[in-house]
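Peer 1: Data: query_22.txt, compact mmCIF, C-alpha atoms.
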```txt
# COMPACT_ATOMS: atom_id res chain seq x y z
CA MET A 1 -13.73 -20.40 12.98
CA GLN A 2 -13.78 -23.24 10.45
CA ASP A 3 -15.38 -26.59 9.78
CA GLY A 4 -12.81 -29.33 9.55
CA ARG A 5 -9.10 -28.94 8.99
CA VAL A 6 -7.66 -26.79 6.27
CA GLY A 7 -4.24 -27.87 5.10
CA CYS A 8 -1.38 -25.98 3.53
CA TRP A 9 -2.40 -27.01 0.02
CA GLY A 10 -5.96 -25.79 0.61
CA LEU A 11 -4.63 -22.46 1.85
CA PHE A 12 -2.31 -22.15 -1.13
CA LYS A 13 -5.16 -22.81 -3.56
CA VAL A 14 -7.63 -20.37 -2.04
CA PHE A 15 -5.11 -17.54 -1.77
CA SER A 16 -3.80 -18.18 -5.31
CA HIS A 17 -7.33 -18.04 -6.60
CA MET A 18 -8.13 -14.68 -4.97
CA ALA A 19 -4.78 -13.15 -5.95
CA MET A 20 -5.20 -14.09 -9.61
CA GLN A 21 -8.66 -12.54 -9.66
CA GLY A 22 -7.46 -9.39 -7.97
CA PHE A 23 -6.92 -7.03 -10.85
CA GLY A 24 -6.72 -3.56 -9.35
CA GLY A 25 -6.74 -4.78 -5.73
CA VAL A 26 -7.09 -8.11 -3.97
CA LEU A 27 -9.05 -6.98 -0.93
CA PRO A 28 -12.62 -7.31 -2.28
CA PHE A 29 -11.77 -10.82 -3.48
CA ALA A 30 -10.26 -11.69 -0.11
CA TYR A 31 -13.60 -10.91 1.52
CA ARG A 32 -15.51 -12.93 -1.05
CA HIS A 33 -13.29 -15.97 -0.65
CA LEU A 34 -12.58 -15.96 3.07
CA VAL A 35 -15.98 -14.91 4.37
CA GLU A 36 -18.50 -15.89 1.71
CA ARG A 37 -17.10 -18.91 -0.13
CA THR A 38 -14.95 -20.85 2.33
CA GLN A 39 -16.45 -19.33 5.49
CA TRP A 40 -13.07 -19.56 7.17
CA LEU A 41 -13.83 -16.22 8.82
CA THR A 42 -16.98 -14.44 9.91
CA ALA A 43 -17.42 -10.88 8.69
CA ALA A 44 -16.48 -9.63 12.17
CA GLU A 45 -13.32 -11.77 12.30
CA PHE A 46 -12.37 -10.54 8.83
CA GLY A 47 -12.73 -6.92 9.97
CA GLN A 48 -10.70 -7.60 13.09
CA LEU A 49 -7.84 -9.36 11.27
CA LEU A 50 -7.84 -6.68 8.58
CA SER A 51 -7.45 -3.88 11.10
CA ILE A 52 -4.49 -5.70 12.67
CA ALA A 53 -3.00 -6.31 9.22
CA GLN A 54 -3.17 -2.55 8.58
CA LEU A 55 -1.44 -1.73 11.84
CA MET A 56 1.54 -3.95 11.03
CA PRO A 57 4.25 -2.96 8.55
CA GLY A 58 4.25 -4.51 5.10
CA PRO A 59 1.48 -5.02 2.56
CA THR A 60 -1.91 -5.31 4.27
CA ILE A 61 -3.22 -8.10 2.09
CA CYS A 62 -0.08 -10.23 2.61
CA ASN A 63 -0.24 -9.67 6.37
CA LEU A 64 -3.84 -10.87 6.27
CA ALA A 65 -2.81 -13.97 4.30
CA VAL A 66 -0.09 -14.79 6.83
CA MET A 67 -2.49 -14.45 9.78
CA VAL A 68 -5.26 -16.53 8.22
CA GLY A 69 -2.78 -19.21 7.14
CA GLN A 70 -1.22 -19.32 10.59
CA ARG A 71 -4.61 -19.76 12.27
CA HIS A 72 -5.29 -22.88 10.24
CA ALA A 73 -1.94 -24.59 9.88
CA GLY A 74 0.69 -22.77 11.93
CA VAL A 75 3.78 -21.20 10.43
CA ALA A 76 3.69 -23.57 7.42
CA GLY A 77 0.11 -22.43 6.80
CA GLY A 78 1.15 -18.78 6.91
CA VAL A 79 3.93 -19.43 4.41
CA SER A 80 1.57 -21.43 2.16
CA ALA A 81 -1.06 -18.70 2.11
CA LEU A 82 1.56 -16.04 1.37
CA THR A 83 3.15 -18.14 -1.37
CA GLY A 84 -0.26 -18.65 -2.94
CA MET A 85 -0.87 -14.92 -2.83
CA LEU A 86 2.41 -14.08 -4.60
CA LEU A 87 3.43 -16.95 -6.88
CA GLY A 88 0.99 -16.55 -9.79
CA PRO A 89 1.12 -12.73 -9.89
CA PHE A 90 4.94 -12.92 -9.67
CA PHE A 91 5.14 -14.69 -13.04
CA ILE A 92 2.47 -12.47 -14.61
CA VAL A 93 4.34 -9.32 -13.58
CA ILE A 94 7.55 -10.67 -15.07
CA ALA A 95 5.74 -11.60 -18.28
CA LEU A 96 4.56 -7.99 -18.48
CA GLY A 97 8.13 -6.84 -17.81
CA THR A 98 9.37 -9.00 -20.69
CA ALA A 99 6.78 -7.48 -23.00
CA TYR A 100 7.79 -4.02 -21.80
CA GLN A 101 11.46 -4.59 -22.53
CA SER A 102 10.86 -5.92 -26.02
CA LEU A 103 8.59 -2.98 -26.87
CA ALA A 104 10.53 -0.29 -25.01
CA HIS A 105 11.88 1.26 -28.22
CA HIS A 106 8.55 1.61 -29.95
CA PRO A 107 7.48 5.29 -29.67
CA LEU A 108 3.75 4.54 -29.51
CA PHE A 109 4.34 2.12 -26.65
CA VAL A 110 6.55 4.61 -24.80
CA ASN A 111 3.78 7.21 -25.03
CA ALA A 112 1.18 4.72 -23.81
CA MET A 113 3.37 3.80 -20.84
CA ARG A 114 3.68 7.46 -19.89
CA GLY A 115 -0.10 7.79 -19.79
CA MET A 116 -0.38 4.54 -17.88
CA ALA A 117 2.12 5.70 -15.27
CA SER A 118 0.24 8.97 -14.79
CA ALA A 119 -3.05 7.11 -14.32
CA ALA A 120 -1.37 4.71 -11.88
CA SER A 121 -0.16 7.61 -9.72
CA GLY A 122 -3.70 8.96 -9.83
CA LEU A 123 -4.89 5.67 -8.33
CA ILE A 124 -2.47 6.03 -5.43
CA LEU A 125 -3.77 9.55 -4.97
CA ALA A 126 -7.34 8.25 -4.86
CA THR A 127 -6.41 5.87 -2.04
CA ALA A 128 -4.84 8.77 -0.14
CA LEU A 129 -7.97 10.83 -0.72
CA LYS A 130 -10.25 8.05 0.54
CA LEU A 131 -8.18 7.68 3.71
CA ALA A 132 -8.12 11.43 4.31
CA VAL A 133 -11.85 11.97 3.75
CA GLY A 134 -12.76 8.96 5.90
CA MET A 135 -10.54 10.24 8.68
CA LEU A 136 -11.87 13.81 8.62
CA ARG A 137 -15.49 12.65 8.44
CA SER A 138 -15.12 10.36 11.42
CA ALA A 139 -13.96 13.22 13.63
CA ALA A 140 -16.10 16.16 12.60
CA PRO A 141 -16.17 18.58 15.57
CA VAL A 142 -19.35 20.33 14.49
CA GLN A 143 -21.34 17.11 14.33
CA ALA A 144 -20.08 16.00 17.72
CA ALA A 145 -20.91 19.32 19.30
CA ALA A 146 -24.38 19.20 17.78
CA ALA A 147 -24.85 15.59 18.91
CA ASN A 148 -24.37 16.43 22.59
CA ALA A 149 -25.42 20.05 22.78
CA ASP A 150 -25.57 20.83 26.48
CA GLY A 151 -23.32 21.55 29.44
CA ASP A 152 -19.62 22.06 30.06
CA PRO A 153 -18.11 18.63 29.28
CA ASP A 154 -19.51 18.76 25.74
CA LEU A 155 -17.68 21.97 25.06
CA ASP A 156 -14.55 20.09 26.02
CA VAL A 157 -15.39 17.29 23.59
CA ALA A 158 -15.83 19.78 20.79
CA ARG A 159 -12.50 21.41 21.60
CA THR A 160 -10.70 18.08 21.72
CA LEU A 161 -12.17 17.07 18.40
CA PHE A 162 -11.19 20.42 16.94
CA TRP A 163 -7.58 19.99 18.00
CA ARG A 164 -7.52 16.38 16.89
CA ARG A 165 -8.55 17.54 13.46
CA ILE A 166 -5.87 20.23 13.37
CA VAL A 167 -3.24 17.65 14.34
CA GLN A 168 -4.54 15.20 11.73
CA ILE A 169 -4.25 17.79 8.97
CA ALA A 170 -0.80 18.89 10.15
CA LEU A 171 0.45 15.29 10.22
CA LEU A 172 -0.98 14.63 6.77
CA VAL A 173 0.69 17.69 5.26
CA ALA A 174 3.98 17.00 7.05
CA ALA A 175 3.99 13.40 5.80
CA PHE A 176 3.30 14.50 2.22
CA VAL A 177 5.95 17.21 2.23
CA GLY A 178 8.51 15.02 4.02
CA LEU A 179 8.18 11.99 1.78
CA GLY A 180 7.15 13.52 -1.55
CA VAL A 181 8.57 17.02 -1.77
CA ALA A 182 11.49 17.37 0.65
CA LYS A 183 12.40 13.68 0.12
CA VAL A 184 13.82 13.14 3.58
CA GLY A 185 13.14 9.40 3.30
CA LEU A 186 10.50 7.05 4.66
CA ILE A 187 12.43 6.04 7.75
CA THR A 188 12.90 9.66 8.87
CA VAL A 189 9.25 10.51 8.22
CA VAL A 190 7.94 7.50 10.13
CA ALA A 191 10.45 7.76 12.98
CA THR A 192 9.59 11.43 13.53
CA LEU A 193 5.88 11.68 12.87
CA VAL A 194 4.57 8.39 14.29
CA PRO A 195 5.86 9.13 17.84
CA ILE A 196 4.59 12.72 17.67
CA GLY A 197 1.14 11.60 16.52
CA PHE A 198 1.04 8.74 19.00
CA VAL A 199 1.89 10.95 21.99
CA LEU A 200 -0.59 13.64 20.98
CA PHE A 201 -3.42 11.18 20.41
CA ALA A 202 -2.67 8.99 23.43
CA PHE A 203 -2.10 11.71 26.03
CA VAL A 204 -3.08 15.19 24.91
CA TRP A 205 -6.15 14.83 22.69
CA ARG A 206 -7.51 11.32 23.35
CA LYS A 207 -10.54 10.19 21.43
CA PRO A 208 -13.41 11.44 23.60
CA MET B 1 20.68 -5.67 -16.96
CA ASN B 2 23.68 -4.63 -14.97
CA ASP B 3 26.73 -6.54 -13.87
CA ASP B 4 27.92 -4.05 -11.30
CA VAL B 5 24.72 -4.19 -9.27
CA LYS B 6 25.17 -4.93 -5.61
CA LEU B 7 21.99 -6.91 -5.09
CA GLY B 8 22.74 -7.39 -1.39
CA GLY B 9 22.76 -3.65 -0.81
CA LEU B 10 19.41 -3.20 -2.50
CA ALA B 11 17.90 -6.14 -0.63
CA TRP B 12 19.14 -4.88 2.73
CA HIS B 13 17.86 -1.39 2.00
CA LEU B 14 14.45 -2.72 0.98
CA ALA B 15 14.14 -5.06 3.96
CA PHE B 16 14.64 -2.11 6.30
CA LEU B 17 12.27 0.11 4.35
CA SER B 18 9.47 -2.44 4.18
CA LEU B 19 9.47 -2.67 7.98
CA THR B 20 8.88 1.08 8.08
CA ALA B 21 6.04 1.05 5.57
CA ILE B 22 3.21 1.14 8.09
CA GLY B 23 -0.35 1.98 7.22
CA GLY B 24 -0.08 2.46 3.49
CA GLY B 25 1.49 -0.68 2.09
CA VAL B 26 4.70 -1.16 0.17
CA VAL B 27 3.94 1.74 -2.21
CA LEU B 28 5.42 3.94 0.51
CA VAL B 29 8.92 2.65 -0.17
CA ALA B 30 8.73 4.08 -3.71
CA PRO B 31 10.42 7.47 -3.08
CA ASP B 32 13.36 5.85 -1.28
CA VAL B 33 13.71 3.02 -3.79
CA HIS B 34 13.61 5.53 -6.64
CA HIS B 35 16.37 7.53 -5.03
CA TYR B 36 18.43 4.38 -4.51
CA VAL B 37 18.06 2.68 -7.90
CA SER B 38 17.66 5.68 -10.22
CA VAL B 39 19.29 8.76 -8.67
CA GLN B 40 22.11 7.25 -6.66
CA ASN B 41 23.02 4.16 -8.69
CA HIS B 42 21.56 4.79 -12.18
CA TRP B 43 20.41 1.19 -12.54
CA LEU B 44 17.04 2.23 -14.00
CA THR B 45 15.92 5.32 -15.86
CA ASP B 46 13.03 7.36 -14.46
CA GLU B 47 10.91 6.04 -17.28
CA GLN B 48 11.65 2.41 -16.41
CA PHE B 49 10.97 3.04 -12.74
CA ALA B 50 7.57 4.58 -13.47
CA ALA B 51 6.80 1.69 -15.83
CA CYS B 52 7.46 -0.85 -13.08
CA TYR B 53 4.65 0.55 -10.98
CA ALA B 54 2.25 0.98 -13.88
CA LEU B 55 2.80 -2.62 -15.00
CA ALA B 56 2.38 -4.02 -11.50
CA GLN B 57 -0.83 -2.03 -11.18
CA ALA B 58 -2.09 -3.61 -14.41
CA ALA B 59 -1.30 -7.15 -13.19
CA PRO B 60 -3.40 -9.10 -10.69
CA GLY B 61 -2.17 -9.55 -7.14
CA PRO B 62 -0.68 -7.26 -4.51
CA ASN B 63 0.92 -3.99 -5.66
CA LEU B 64 4.09 -4.87 -3.81
CA LEU B 65 5.04 -6.76 -6.97
CA PHE B 66 6.29 -3.50 -8.45
CA VAL B 67 9.50 -4.08 -6.50
CA THR B 68 9.69 -7.56 -8.07
CA LEU B 69 9.73 -5.90 -11.46
CA ILE B 70 12.41 -3.43 -10.35
CA GLY B 71 14.55 -6.37 -9.21
CA TRP B 72 13.92 -8.20 -12.46
CA MET B 73 14.84 -5.20 -14.62
CA ILE B 74 18.12 -4.63 -12.89
CA LYS B 75 19.27 -8.21 -12.26
CA GLY B 76 16.99 -10.70 -14.01
CA TRP B 77 15.35 -13.65 -12.24
CA LEU B 78 17.77 -13.57 -9.35
CA GLY B 79 17.01 -9.89 -8.80
CA ALA B 80 13.26 -10.53 -8.92
CA VAL B 81 13.41 -13.29 -6.32
CA VAL B 82 15.85 -11.58 -3.96
CA VAL B 83 14.05 -8.24 -4.03
CA THR B 84 10.61 -9.82 -3.53
CA LEU B 85 11.85 -11.82 -0.55
CA ALA B 86 13.55 -8.75 0.92
CA ALA B 87 10.31 -6.79 0.69
CA ILE B 88 8.07 -9.48 2.15
CA VAL B 89 10.01 -11.71 4.57
CA PRO B 90 10.75 -9.24 7.41
CA SER B 91 7.19 -7.95 7.75
CA SER B 92 5.76 -11.46 7.40
CA CYS B 93 8.00 -12.76 10.17
CA LEU B 94 6.79 -9.93 12.37
CA VAL B 95 3.19 -10.84 11.60
CA LEU B 96 3.86 -14.53 12.33
CA ALA B 97 5.40 -13.57 15.65
CA LEU B 98 2.90 -10.91 16.75
CA GLY B 99 -0.28 -11.18 14.68
CA SER B 100 -1.97 -13.96 16.65
CA VAL B 101 -0.81 -12.48 19.96
CA ILE B 102 -2.39 -9.13 19.11
CA ASN B 103 -5.54 -10.91 18.00
CA ARG B 104 -5.79 -12.82 21.28
CA HIS B 105 -5.32 -9.67 23.34
CA GLY B 106 -8.30 -7.74 22.11
CA GLY B 107 -7.30 -7.40 18.49
CA GLY B 108 -5.66 -4.00 18.65
CA LYS B 109 -8.72 -2.33 20.11
CA GLY B 110 -7.13 -1.00 23.30
CA ARG B 111 -6.14 2.55 24.10
CA TRP B 112 -2.57 2.32 22.81
CA ALA B 113 -3.52 0.60 19.58
CA GLY B 114 -6.25 3.20 19.17
CA ALA B 115 -3.78 6.06 19.53
CA LEU B 116 -1.41 4.36 17.10
CA ARG B 117 -4.23 3.92 14.61
CA ASP B 118 -5.19 7.59 15.04
CA ALA B 119 -1.60 8.61 14.33
CA LEU B 120 -1.18 6.31 11.34
CA ALA B 121 -4.35 7.34 9.49
CA PRO B 122 -3.26 10.89 8.55
CA LEU B 123 0.34 9.77 8.01
CA ALA B 124 -0.70 7.01 5.63
CA ALA B 125 -2.80 9.45 3.62
CA GLY B 126 0.00 12.02 3.48
CA MET B 127 2.71 9.50 2.66
CA LEU B 128 0.61 7.90 -0.07
CA ALA B 129 0.12 11.33 -1.61
CA GLY B 130 3.89 11.80 -1.37
CA ALA B 131 4.49 8.47 -3.15
CA ALA B 132 1.97 9.45 -5.84
CA TRP B 133 3.82 12.72 -6.28
CA THR B 134 7.10 10.85 -6.71
CA PHE B 135 5.68 8.61 -9.43
CA LEU B 136 4.11 11.58 -11.14
CA SER B 137 7.33 13.58 -11.23
CA VAL B 138 9.21 10.49 -12.40
CA ALA B 139 6.73 9.59 -15.17
CA GLY B 140 7.87 12.70 -17.08
CA ALA B 141 4.47 13.69 -18.42
CA GLY B 142 4.53 17.30 -17.19
CA TRP B 143 1.37 19.24 -16.42
CA ARG B 144 -0.73 17.05 -18.72
CA GLY B 145 0.32 14.05 -16.68
CA ILE B 146 -0.79 15.87 -13.53
CA VAL B 147 -4.18 16.61 -15.10
CA LEU B 148 -4.56 12.96 -16.16
CA ALA B 149 -3.57 11.74 -12.68
CA LEU B 150 -6.06 14.08 -11.02
CA ALA B 151 -8.80 12.93 -13.40
CA ALA B 152 -7.96 9.27 -12.69
CA ALA B 153 -7.95 9.99 -8.95
CA ALA B 154 -11.34 11.70 -9.16
CA ALA B 155 -12.79 8.82 -11.19
CA ALA B 156 -11.39 6.19 -8.82
CA TYR B 157 -12.67 8.15 -5.84
CA ALA B 158 -16.14 8.88 -7.10
CA THR B 159 -17.00 5.66 -8.95
CA LYS B 160 -16.67 1.93 -8.39
CA LEU B 161 -14.97 1.51 -11.75
CA ASN B 162 -12.31 -1.20 -11.79
CA PRO B 163 -8.90 0.55 -11.62
CA LEU B 164 -7.80 -1.55 -14.58
CA TRP B 165 -10.07 0.52 -16.84
CA LEU B 166 -8.45 3.73 -15.65
CA ILE B 167 -5.00 2.30 -16.35
CA ALA B 168 -6.16 1.31 -19.83
CA LEU B 169 -7.64 4.75 -20.46
CA GLY B 170 -4.37 6.30 -19.30
CA ALA B 171 -2.47 4.13 -21.79
CA LEU B 172 -4.88 5.18 -24.53
CA ALA B 173 -4.50 8.87 -23.66
CA GLY B 174 -0.73 8.44 -23.85
CA ALA B 175 -0.84 6.53 -27.12
CA VAL B 176 -2.94 9.13 -28.92
CA GLY B 177 -0.64 11.88 -27.71
CA LEU B 178 -2.78 13.60 -25.09
CA VAL B 179 -0.15 13.14 -22.37
```
In structure tokens, how does this file's structure come out?

Peer 2:
Amino acid sequence: MQDGRVGCWGLFKVFSHMAMQGFGGVLPFAYRHLVERTQWLTAAEFGQLLSIAQLMPGPTICNLAVMVGQRHAGVAGGVSALTGMLLGPFFIVIALGTAYQSLAHHPLFVNAMRGMASAASGLILATALKLAVGMLRSAAPVQAAAANADGDPDLDVARTLFWRRIVQIALLVAAFVGLGVAKVGLITVVATLVPIGFVLFAFVWRKP
Amino acid sequence: MNDDVKLGGLAWHLAFLSLTAIGGGVVLVAPDVHHYVSVQNHWLTDEQFAACYALAQAAPGPNLLFVTLIGWMIKGWLGAVVVTLAAIVPSSCLVLALGSVINRHGGGKGRWAGALRDALAPLAAGMLAGAAWTFLSVAGAGWRGIVLALAAAAAAYATKLNPLWLIALGALAGAVGLV
């Protein structure tokens, strides 16, 4: 896992460093620092911790920081890593907010902010698109059917994959409409759709 | 800044919400937070709310800091600190309590974790699109804003361009009156 002991201060420094570099997303820098520079994690361990961090609520990158910190220096280590991740960017964001408030009456600036906000929502959309395409590619029924093209059980695999895909698309659309259009609230969307998806994927159409 | 803001109510609301934001990060709380601070309580205008996310996106660090900026705009430094802690402490405590346990027991690779992951993937994609839609309708740029957002999404999807450039180009497009 690591050579020698890593203290709270060391954790704070490394996570501060990666956070302050992380314009437009910290994750690539997390890999560079944790796997390549400090070698606190192997690439496989990084992948494993990341997938757990994604399964837990809250921001993925902060969950990762907490887990890595905790591995090295217990709860204090987790807090140190998280503090490192947030402290510098916290002040930068507020500096930007100060600039925003002092310029908020300037028409040119207001127009620029409107364009910026539109582009920023486009970036969220791109993340959604990446997730959706990755998901649909990984469960393509045609490919699977072609890959094992003989006998009865394979037909079953193809059918399962077909239905899994239908459910995936239905859940995606329901989540979009529920949260974005109908505005029923995050808690309602999650509390309704997560159990439905979980039951369908755990019992009815398990990954073949 | 507002004197009649009940910071406790916002913090409580956010703490609950952040525990529900599974799979897609804290961006998912945006539609609810917008409803709470702009529609229900009128602490921020739509324009200010949209600006909070755009500015956080332009800064380094995790995107969750957009809630920091919301807290700061409605209640200064105290608001920034309280709101940030509310968004991050509950989920971090959960990770401290469960993260290493999950890692020891196969790292979430079992059947149940697999089914949960399968369920979360489409939901995260759909909810993120819903959050994007909220920001877009709040930004007040009309159909041109939608075109710009789609162009930015396509560029971010198809290229490895740093998102910061897309934000800057968006600002430029706004400044010269395209949006």

Peer 1: Restricting the calculation to only C-alpha atoms: of A:Leu34, A:Leu49, A:Arg164, A:Leu179, which residue gets closest to Ala202 in chain A?

Peer 2: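 Looking at the shortest contact to Ala202 in chain A, the residue is A:Arg164.
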
Peer 1: Take the point (7.6, 11.1, 10.3) in the file's coordinates, draw a sphere of radius 12 Å around it, and report as JSON, numbers by chain every protein, DNA or RNA residue with an atom inside or on it, counting all atoms listed in the file.

Peer 2: {"A": [170, 171, 172, 173, 174, 175, 176, 177, 178, 179, 183, 184, 185, 186, 187, 188, 189, 190, 191, 192, 193, 194, 195, 196, 197, 198], "B": [20, 21, 22, 119, 120, 122, 123, 124, 126, 127]}

Peer 1: Go through A:Thr42, A:Thr83, A:Ser102, A:Ser118 one by one, measure the shortest atom-to-atom distance of each to chain B using only C-alpha atoms, and give the residue with the smallest value.

Peer 2: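 Nearest to chain B: A:Ser118.
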
Peer 1: By how many Å are CA of His106 in chain A and CA of Gly174 in chain B apart?

Peer 2: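 CA of His106 in chain A sits 13.0 Å away from CA of Gly174 in chain B.
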
Peer 1: Please report the interatomic distance between CA of Val179 in chain B and CA of Ala149 in chain B in Å with one decimal.

Peer 2: 10.4 Å

Peer 1: Which residue gives the smallest distance to Gly180 in chain A among B:Val147, B:Leu128, B:Leu161, B:Ala50, with only C-alpha atoms counted?

Peer 2: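 Going through B:Val147, B:Leu128, B:Leu161, B:Ala50 one by one, the smallest distance to Gly180 in chain A is for B:Leu128.
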
Peer 1: What is the CA of Asn162 in chain B to CA of Leu125 in chain A distance in Å?

Peer 2: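 Computing the Euclidean distance for CA of Asn162 in chain B and CA of Leu125 in chain A yields 15.3 Å.
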
Peer 1: Calculated over all atoms listed in the file, which of the candidates A:Ala126, A:Val93, A:Val199, A:Leu136 has the smallest distance to Gln57 in chain B?

Peer 2: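 Counting all atoms listed in the file, the residue closest to Gln57 in chain B is A:Val93.
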
Peer 1: Determine the nearest neighbour of Phe12 in chain A from the options A:Gly115, A:Pro208, A:Gly97, A:Gly84, counting only C-alpha atoms.

Peer 2: A:Gly84

Peer 1: So that I can check the surroundings of Gln54 in chain A, please list as a ChimeraX atom specification every protein, DNA and RNA residue that reaches within 12 Å of it, counting all atoms listed in the file and ignoring chain neighbours fewer than 4 positions away.

Peer 2: /A:47-50,58-64,67 /B:21-26,91,95,99,107-108,113,116-117,120-121,124

Peer 1: Can you tell me, as a list in words, what residues are no more than 8 Å from range 34-39 of chain B when counting only C-alpha atoms, ignoring any on the same chain fewer than 6 positions away?

Peer 2: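 Non-adjacent residues within range: Leu10, Thr45, Asp46 and Phe49 of chain B.
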
Peer 1: Taking 5 positions as the minimum chain separation for residues in the same chain, which residues sit within 10 Å of Leu41 in chain A when counting all atoms listed in the file? Answer as a PyMOL selection string.

Peer 2: chain A and resi 1-2+31+33-36+46-47+49+68

Peer 1: With a distance cut-off of 7 Å and all atoms listed in the file, select the neighbouring residues of Arg114 in chain A, excluding the residue or stretch itself and same-chain residues fewer than 3 positions from it, and output the selection as a count of residues only.

Peer 2: 7

Peer 1: Residues near Ala125 in chain B, anyone? I mean within 6 Å using only C-alpha atoms, not counting same-chain ones fewer than 5 positions away, as a PDB file with C-alpha atoms, keeping the file's coordinate frame.

Peer 2:
```pdb
ATOM      1  CA  ALA A 128      -4.840   8.770  -0.140  1.00  0.00           C
ATOM      2  CA  LEU A 131      -8.180   7.680   3.710  1.00  0.00           C
ATOM      3  CA  ALA A 132      -8.120  11.430   4.310  1.00  0.00           C
TER       4      ALA A 132
END
```

Peer 1: Could you check which of B:Ala80, B:Ala154, B:Ile102, B:Val138 is closest to Ala51 in chain B, using all atoms listed in the file?

Peer 2: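 For Ala51 in chain B, the nearest of the candidates is B:Val138.
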
Peer 1: Complete the atoms of range 34-50 of chain B to N, CA and C atoms and put them out as a PDB file, in the frame of the given file.

Peer 2:
```
ATOM      1  N   HIS B  34      13.264   4.739  -5.447  1.00  0.00           N
ATOM      2  CA  HIS B  34      13.610   5.530  -6.640  1.00  0.00           C
ATOM      3  C   HIS B  34      14.935   6.236  -6.457  1.00  0.00           C
ATOM      4  N   HIS B  35      15.107   6.836  -5.286  1.00  0.00           N
ATOM      5  CA  HIS B  35      16.370   7.530  -5.030  1.00  0.00           C
ATOM      6  C   HIS B  35      17.544   6.549  -5.124  1.00  0.00           C
ATOM      7  N   TYR B  36      17.341   5.357  -4.558  1.00  0.00           N
ATOM      8  CA  TYR B  36      18.430   4.380  -4.510  1.00  0.00           C
ATOM      9  C   TYR B  36      18.771   3.823  -5.894  1.00  0.00           C
ATOM     10  N   VAL B  37      17.750   3.364  -6.634  1.00  0.00           N
ATOM     11  CA  VAL B  37      18.060   2.680  -7.900  1.00  0.00           C
ATOM     12  C   VAL B  37      18.245   3.640  -9.084  1.00  0.00           C
ATOM     13  N   SER B  38      17.587   4.795  -9.050  1.00  0.00           N
ATOM     14  CA  SER B  38      17.660   5.680 -10.220  1.00  0.00           C
ATOM     15  C   SER B  38      18.585   6.880 -10.022  1.00  0.00           C
ATOM     16  N   VAL B  39      18.484   7.551  -8.875  1.00  0.00           N
ATOM     17  CA  VAL B  39      19.290   8.760  -8.670  1.00  0.00           C
ATOM     18  C   VAL B  39      20.702   8.404  -8.248  1.00  0.00           C
ATOM     19  N   GLN B  40      20.800   7.538  -7.237  1.00  0.00           N
ATOM     20  CA  GLN B  40      22.110   7.250  -6.660  1.00  0.00           C
ATOM     21  C   GLN B  40      22.925   6.289  -7.529  1.00  0.00           C
ATOM     22  N   ASN B  41      22.261   5.207  -8.012  1.00  0.00           N
ATOM     23  CA  ASN B  41      23.020   4.160  -8.690  1.00  0.00           C
ATOM     24  C   ASN B  41      22.809   4.073 -10.205  1.00  0.00           C
ATOM     25  N   HIS B  42      21.826   4.787 -10.736  1.00  0.00           N
ATOM     26  CA  HIS B  42      21.560   4.790 -12.180  1.00  0.00           C
ATOM     27  C   HIS B  42      21.368   3.397 -12.767  1.00  0.00           C
ATOM     28  N   TRP B  43      20.681   2.528 -12.001  1.00  0.00           N
ATOM     29  CA  TRP B  43      20.410   1.190 -12.540  1.00  0.00           C
ATOM     30  C   TRP B  43      19.189   1.224 -13.456  1.00  0.00           C
ATOM     31  N   LEU B  44      18.240   2.100 -13.167  1.00  0.00           N
ATOM     32  CA  LEU B  44      17.040   2.230 -14.000  1.00  0.00           C
ATOM     33  C   LEU B  44      16.842   3.696 -14.353  1.00  0.00           C
ATOM     34  N   THR B  45      16.299   3.951 -15.540  1.00  0.00           N
ATOM     35  CA  THR B  45      15.920   5.320 -15.860  1.00  0.00           C
ATOM     36  C   THR B  45      14.608   5.644 -15.141  1.00  0.00           C
ATOM     37  N   ASP B  46      14.295   6.941 -15.058  1.00  0.00           N
ATOM     38  CA  ASP B  46      13.030   7.360 -14.460  1.00  0.00           C
ATOM     39  C   ASP B  46      11.848   6.690 -15.151  1.00  0.00           C
ATOM     40  N   GLU B  47      11.971   6.636 -16.466  1.00  0.00           N
ATOM     41  CA  GLU B  47      10.910   6.040 -17.280  1.00  0.00           C
ATOM     42  C   GLU B  47      10.674   4.572 -16.907  1.00  0.00           C
ATOM     43  N   GLN B  48      11.773   3.825 -16.777  1.00  0.00           N
ATOM     44  CA  GLN B  48      11.650   2.410 -16.410  1.00  0.00           C
ATOM     45  C   GLN B  48      11.056   2.250 -15.020  1.00  0.00           C
ATOM     46  N   PHE B  49      11.478   3.119 -14.117  1.00  0.00           N
ATOM     47  CA  PHE B  49      10.970   3.040 -12.740  1.00  0.00           C
ATOM     48  C   PHE B  49       9.460   3.255 -12.716  1.00  0.00           C
ATOM     49  N   ALA B  50       9.009   4.300 -13.424  1.00  0.00           N
ATOM     50  CA  ALA B  50       7.570   4.580 -13.470  1.00  0.00           C
ATOM     51  C   ALA B  50       6.822   3.417 -14.118  1.00  0.00           C
TER      52      ALA B  50
END
```
